[in-house]
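The data block below is coords02.cif; it holds mmCIF, C-alpha atoms and all ligand atoms.
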data_structure
#
loop_
_atom_site.label_atom_id
_atom_site.label_comp_id
_atom_site.auth_asym_id
_atom_site.auth_seq_id
_atom_site.Cartn_x
_atom_site.Cartn_y
_atom_site.Cartn_z
CA MET I 148 83.71 114.64 110.29
CA LEU I 149 86.45 112.82 108.43
CA HIS I 150 87.20 114.35 105.09
CA ASN I 151 89.61 113.53 102.26
CA LEU I 152 91.11 116.86 101.38
CA MET I 153 92.67 115.51 98.22
CA GLU I 154 89.21 114.91 96.80
CA ASP I 155 88.43 118.62 97.13
CA VAL I 156 91.72 119.63 95.57
CA VAL I 157 91.12 117.36 92.56
CA LYS I 158 87.53 118.58 92.17
CA GLN I 159 88.62 122.21 92.41
CA LEU I 160 91.34 121.83 89.80
CA PHE I 161 89.58 119.42 87.51
CA ASP I 162 87.68 121.92 85.35
CA ASP I 163 90.73 124.14 84.95
CA VAL I 164 92.93 121.27 83.86
CA ILE I 165 90.44 119.64 81.51
CA SER I 166 89.50 122.95 79.89
CA LEU I 167 93.10 123.16 78.64
CA HIS I 168 92.56 119.89 76.81
CA PRO I 169 89.48 120.21 74.60
CA GLU I 170 90.50 117.01 72.80
CA ILE I 171 89.67 115.00 75.93
CA CYS I 172 86.16 113.56 76.07
CA GLN I 173 84.24 115.43 78.75
CA CYS I 174 81.17 113.28 79.11
CA ASP I 175 80.17 112.48 82.69
CA HIS I 176 81.50 108.96 82.45
CA CYS I 177 84.95 110.05 81.33
CA ARG I 178 85.09 112.93 83.82
CA HIS I 179 84.35 110.57 86.68
CA ASP I 180 86.81 107.98 85.38
CA ILE I 181 89.55 110.60 85.16
CA MET I 182 88.81 111.79 88.69
CA ALA I 183 88.88 108.21 89.96
CA VAL I 184 92.25 107.52 88.33
CA ALA I 185 93.64 110.76 89.71
CA LEU I 186 92.42 110.07 93.24
CA ASN I 187 93.71 106.51 93.14
CA HIS I 188 97.17 107.83 92.33
CA LEU I 189 97.18 110.43 95.07
CA PRO I 190 97.67 109.66 98.73
CA PRO I 191 94.52 110.58 100.64
CA ARG I 192 94.88 113.51 102.99
CA TYR I 193 92.37 113.12 105.73
CA VAL I 194 91.43 116.00 107.92
CA VAL I 195 88.95 116.19 110.73
CA THR I 196 86.55 119.02 110.11
CA VAL I 197 83.92 120.84 111.99
CA LYS I 198 81.16 122.69 110.20
CA GLY I 199 82.45 125.76 108.36
CA GLU I 200 86.08 124.99 109.02
CA VAL I 201 86.72 122.78 106.02
CA TYR I 202 87.09 125.51 103.42
CA THR I 203 89.81 127.30 105.33
CA LYS I 204 91.77 124.07 105.50
CA ILE I 205 91.26 123.39 101.83
CA ASN I 206 92.57 126.80 100.87
CA MET I 207 95.57 126.52 103.13
CA LEU I 208 96.55 123.03 102.10
CA ALA I 209 95.41 123.00 98.50
CA GLN I 210 98.48 124.92 97.39
CA GLN I 211 100.74 122.19 98.72
CA PHE I 212 98.95 119.48 96.80
CA ARG I 213 98.13 121.41 93.63
CA ILE I 214 101.06 120.20 91.58
CA ASP I 215 100.56 116.58 92.58
CA ALA I 216 96.85 116.83 91.85
CA ILE I 217 97.38 118.40 88.41
CA ALA I 218 99.88 115.68 87.52
CA ALA I 219 97.45 112.98 88.66
CA ILE I 220 94.58 114.50 86.65
CA ALA I 221 96.85 114.58 83.59
CA GLN I 222 97.69 110.95 84.17
CA GLY I 223 93.98 110.17 84.47
CA MET I 224 93.28 111.90 81.16
CA VAL I 225 95.92 109.79 79.42
CA THR I 226 94.64 106.55 80.95
CA VAL I 227 90.98 107.24 80.20
CA THR I 228 91.64 108.51 76.68
CA LYS I 229 93.53 105.31 75.85
CA LYS I 230 90.66 103.18 77.04
CA PRO I 231 87.45 105.17 77.32
CA ARG I 232 84.57 103.29 78.91
CA HIS I 233 81.81 105.67 77.86
CA ASP I 234 81.01 103.72 74.75
CA LYS I 235 79.73 100.22 75.31
CA ASP I 236 77.87 100.35 72.01
CA PRO I 237 78.78 97.14 70.12
CA GLU I 238 78.41 98.98 66.81
CA ALA I 239 81.24 101.33 67.65
ZN ZN I 301 83.43 110.10 77.35
#

Can you dump the structure from the file as structure tokens?
Amino acid sequence: MLHNLMEDVVKQLFDDVISLHPEICQCDHCRHDIMAVALNHLPPRYVVTVKGEVYTKINMLAQQFRIDAIAAIAQGMVTVTKKPRHDKDPEA
């Protein structure tokens, strides 16, 4: 199976990072937008996995990409907060 390791790293770190920023909207739409921005800024790290092996690889490699992933999530929070898409209500 082909697997983008960076996606796991971002997902693992996301709650930790966003919990430090209670001012950021945490609705599902914004959370997904922030993750998308973060992942678009990070180079994908594909690994080939067999069943059960993936988590070992994540733990080994996650440390290397942690700082990049945290920076990208922070960037995503800034981008999404500037232009949130959760509110398409014309009355807003
Ligand atoms: Zn929102």

Write out as a tab-separated table the residues of chain I that have any atom within 7 Å of an atom of ligand ZN 301 (chain I), one row each with the nearest atom pair and its distance in Å to one decimal, counting all atoms listed in the file, sorted by chain and then rising number.
residue	atom	partner	partner_atom	distance
I:Cys172	CA	I:ZN301	ZN	4.6
I:Gln173	CA	I:ZN301	ZN	5.6
I:Cys174	CA	I:ZN301	ZN	4.3
I:Asp175	CA	I:ZN301	ZN	6.7
I:His176	CA	I:ZN301	ZN	5.6
I:Cys177	CA	I:ZN301	ZN	4.3
I:Pro231	CA	I:ZN301	ZN	6.4
I:His233	CA	I:ZN301	ZN	4.7

If we count only C-alpha atoms and set the cut-off at 8 Å, which residues sit around Asn151 (chain I), ignoring sequence neighbours fewer than 2 positions away in its own chain? Please answer as a PyMOL selection string.
chain I and resi 149+153-155+191-194

Skip Val157 (chain I) itself and residues of its chain fewer than 6 positions away, then list as an MDAnalysis selection string all residues within 12 Å of it, counting all atoms listed in the file.
chainID I and resid 151 163:165 178:179 181:192 205 209:210 212:221 223

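We find CA of Lys198 (chain I) and CA of Phe161 (chain I) to be spaced 24.4 Å apart.
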
For Leu152 (chain I), which of I:Lys230, I:Val195, I:Ile171, I:Gln222 is the closest residue, counting all atoms listed in the file?
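Nearest candidate to Leu152 (chain I) out of I:Lys230, I:Val195, I:Ile171, I:Gln222: I:Val195.
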
Between CA of Asn206 (chain I) and CA of Thr226 (chain I), distance in Å (one decimal)
28.5 Å

Figure out the distance between CA of His150 (chain I) and CA of Thr228 (chain I), please, to one decimal in Å.
29.3 Å

For Val197 (chain I), which residue out of I:Leu167, I:Met148, I:Val225, I:Leu160 is the nearest one, using only C-alpha atoms?
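That would be I:Met148, the residue with the smallest distance to Val197 (chain I).
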